[in-house]
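> This structure is in structure tokens; I'll ask about it shortly.
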Amino acid sequence: MPGSGRRLKRVKMAEEDILAERRKKLAGLLERGVEAYGRRYDRTNPIAAVTESSERVLICGRLMAWRDHGKAAFADLEDFSGRIQLYFQRDRLGDDFSRVKDLDIGDFVGVAGRPFRTRTGMLTIGVEEFTLLSKSLRPLPEKWHGLKDVEIRYRQRYLDLLANPDTRKVFATRSRIIAGIRRQLDQLGFLEVETPMMHPIPGGAEARPFVTHHNALELELYLRIAPELYLKRLLVGGLERVYEINRSFRNEGISTLHNPEFTMLELYAAYGDYRLMAELAELLILNAIDELFPDSGRRLSYQGREIDFTPPWPRLTLAELLRERLDLPGWDDRSLLLERARAGGLELDGSETVFDLLDLLFKFRIQPGLVRPTFVLDYPAEISPLAKSKPGQPGVVERFELFIGGLEVGNAYSELNDPIDQERRFQAEVRTGRPDRPKVVDEDYIEALSYGMPPAGGLGIGLDRLVMILVDTASIRDVILFPILRPVR
RNA sequence: GCGCCGUUAGCUCAACAGGCAGAGCAGCUGACUCUUAAUCAGCAGGUUGAAGGUUCGAUUCCUUCACGGCGUACCA
């Protein structure tokens, strides 16, 4: 402990010098009665909207660069819309020109002036008045290389955002993608709802939950692993089209594809089925691409590979894929699966179930090849307890998973609405005793189903992963503003 | 959890084969009224992530630890 305190002090020394310098300046301002932390500033327009023909404008933002020229100075002012050059001149500012010394890189400043072109053709504001809006006490990350340190980028995302325009663009795009999906669903008559994030029984997916505790109720609660079971209760209640866009929480490993809290879209449409959900997924994603990248020809580059989004996206059954890619007649024969897995060099401990083997084979031998958006249809019932059976195919359910660029981004079912079958399947899950399955049957959900739930299609899309693909990032951390990191000690 | 890689000034990076820790930006002082990675002159800034070891001498080699990244496992 004393060590870490000492270290902090030492490491910060050089920064302290700069801080002390700025504090001195700040004290000087206060002595002169200057407000270093200003107030409302009514700008006439964002920086990007300034044109040469604009009359006198009021703009504000952060000072990002400073070029002193004795009796004049150039600076760069940046707001969320863009950046513009400022020109401070003694001839124009008179006595006020001495106040230019109050300004530092990093300060927020409001500026009134008239736009003009410099000799080199650069659109510039000839500053007539300027107001300090907020004093910066710490040095900004380096202007040319930006901020590269990955840890600082994630821990102090504000520095990443202010230093790296690309980061701002990623999160602006993320926002537009999600807003666009909302808009589309609203137009299709879906109702956006919010269901509990704290569940007495975690369900709707296979994952280990986070546990928490409610004191007054003396109740164990779980952060939801999926909103599914609550959304389907709403179908029972007569809401025919519902969706929720929000966080789910899974207490699993962290990787470039997994953050413990992640954002999922789940939607349910009464009287639909999984094939309808495939059409909807295709529509939602294509519209997002058309809106964001109208000139892309629906071909996007992801991590150096081109993804062709031209519809219709292939719809292949799991059985077809197993047959074509792995020469497997099905998933009934464990020894055959085992043989393929061994031949594929997969690491096994021998205790794998048929479905473990199937999962491994799929994940390593088939999934990486699913670059073009592909719906994989018709999964084993045993690993899909919430999906409706496929007529005439015992052991198979109406389910698809959507893969894009080798990543799993979507999952959909024809929703199981038979309360008796559902209860049986829940009981089977509980019997496995696995930590990623419920410990008890969700009787409340069974009761809801037994009042009658309309047949329905349900779709889940991992929005973080969808954003990853559309903005071409390798890690989920690059599309989550504050990804989970170990706390600094 | 395991494996590999990384951690040097506020930021971005150097430092041969173990031999005085350096540059650019940012900062400070000064010069400069069309610059734009402004320029010019000067100054300051470091227990090289931490602890230990080897050595006459460690940023460099070894061990342990911390944090991060990637991979892998677990897992949708």
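Letters for chains follow the order of the structure tokens (A, B, ...), residue numbers begin at 1 for each chain, and ligand numbers begin at 1 in the order shown.
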Could you give me, as an mmCIF file with C-alpha atoms, in the first residue's frame, the residues within 7 Å of Ile307 in chain A, counting only C-alpha atoms (C1' of nucleotides) and dropping anything in the same chain fewer than 6 positions from it?


```
data_model
loop_
_atom_site.group_PDB
_atom_site.id
_atom_site.type_symbol
_atom_site.label_atom_id
_atom_site.label_comp_id
_atom_site.auth_asym_id
_atom_site.auth_seq_id
_atom_site.Cartn_x
_atom_site.Cartn_y
_atom_site.Cartn_z
ATOM 1 C CA ARG A 299 -20.343 -5.251 -49.650
ATOM 2 C CA LEU A 300 -18.430 -4.409 -46.488
ATOM 3 C CA SER A 301 -14.900 -5.215 -45.532
ATOM 4 C CA VAL A 371 -18.449 -15.275 -43.852
ATOM 5 C CA ARG A 372 -21.380 -14.303 -46.005
ATOM 6 C CA GLY A 405 -18.141 -12.790 -40.961
#
```

> Using only C-alpha atoms (C1' of nucleotides), which residues of range 60-127 of chain A come within 12 Å of range 22-32 of chain B, and what is the closest atom pair for each, with the distance in Å to one decimal? Give it as a tab-separated table, sorted by chain and residue number.


```
residue	atom	partner	partner_atom	distance
A:Met64	CA	B:A26	C1'	11.2
A:Ala65	CA	B:A26	C1'	10.2
A:Trp66	CA	B:A26	C1'	11.1
A:Arg67	CA	B:C32	C1'	11.0
A:Asp68	CA	B:C32	C1'	8.3
A:His69	CA	B:C32	C1'	5.3
A:Gly70	CA	B:C32	C1'	5.1
A:Lys71	CA	B:C32	C1'	7.9
A:Ala72	CA	B:C32	C1'	9.1
A:Ala73	CA	B:C32	C1'	10.3
A:Asp104	CA	B:G27	C1'	10.4
A:Ile105	CA	B:A26	C1'	9.0
A:Gly106	CA	B:A26	C1'	10.7
```

> Using only C-alpha atoms (C1' of nucleotides), determine which residues lie at most 9 Å from Gly457 in chain A, disregarding the query and same-chain residues fewer than 6 positions distant; provide the list as a ChimeraX atom specification.

/A:267-277,412-415

> Let's have the selection written as a compact mmCIF listing (two decimals), in the first residue's frame, with C-alpha atoms.


```
# COMPACT_ATOMS: atom_id res chain seq x y z
CA LEU A 267 -38.22 -9.14 -30.51
CA TYR A 268 -41.33 -11.29 -30.72
CA ALA A 269 -44.04 -11.34 -33.33
CA ALA A 270 -47.27 -13.20 -32.61
CA TYR A 271 -48.47 -15.51 -35.36
CA GLY A 272 -45.03 -15.59 -36.95
CA ASP A 273 -42.36 -18.24 -37.04
CA TYR A 274 -38.58 -18.52 -37.39
CA ARG A 275 -38.64 -18.14 -41.15
CA LEU A 276 -40.41 -14.84 -40.74
CA MET A 277 -37.71 -13.89 -38.25
CA ALA A 412 -34.32 -17.16 -33.48
CA TYR A 413 -37.05 -19.67 -32.82
CA SER A 414 -40.55 -20.55 -33.62
CA GLU A 415 -41.43 -20.08 -29.99
```

> Per residue of chain A within 7 Å of chain B, which atom pair is closest and at what distance in Å (one decimal), using only C-alpha atoms (C1' of nucleotides), listed by chain and increasing number, as CSV?


```
residue,atom,partner,partner_atom,distance
A:Ala14,CA,B:G45,C1',5.5
A:Glu15,CA,B:G10,C1',5.0
A:Ile18,CA,B:G27,C1',5.9
A:Arg67,CA,B:A38,C1',6.3
A:His69,CA,B:C32,C1',5.3
A:Gly70,CA,B:C32,C1',5.1
A:Lys71,CA,B:U33,C1',5.3
A:Ala72,CA,B:U33,C1',5.0
A:Phe74,CA,B:U35,C1',6.4
A:Gln89,CA,B:U33,C1',6.7
A:Thr118,CA,B:C34,C1',5.7
A:Arg119,CA,B:C34,C1',5.7
A:Pro139,CA,B:G10,C1',5.9
A:Pro141,CA,B:C11,C1',4.6
A:Glu142,CA,B:C11,C1',4.3
A:Lys143,CA,B:C25,C1',6.9
A:Trp144,CA,B:A37,C1',6.3
A:His145,CA,B:U12,C1',5.7
A:Leu147,CA,B:C11,C1',7.0
A:Glu151,CA,B:G68,C1',5.9
A:Glu252,CA,B:C75,C1',6.0
A:Gly253,CA,B:C75,C1',6.7
```

> Apply DSSP to the backbone of this structure and, from range 41-286 of chain A, keep only the residues in strand (DSSP E); write these as an MDAnalysis selection string.

chainID A and resid 57:68 72:79 82:89 108:117 123:134 191:192 198:199 211:214 219:223 241:249 261:270

> Write out as a PyMOL selection string the residues lying within 12 Å of Glu401 in chain A, counting only C-alpha atoms (C1' of nucleotides) and excluding same-chain residues fewer than 3 positions away.

(chain A and resi 274-275+277-278+281+314-318+362+367+370+373-379+384+398+404+406-413+458-462) or (chain B and resi 76)
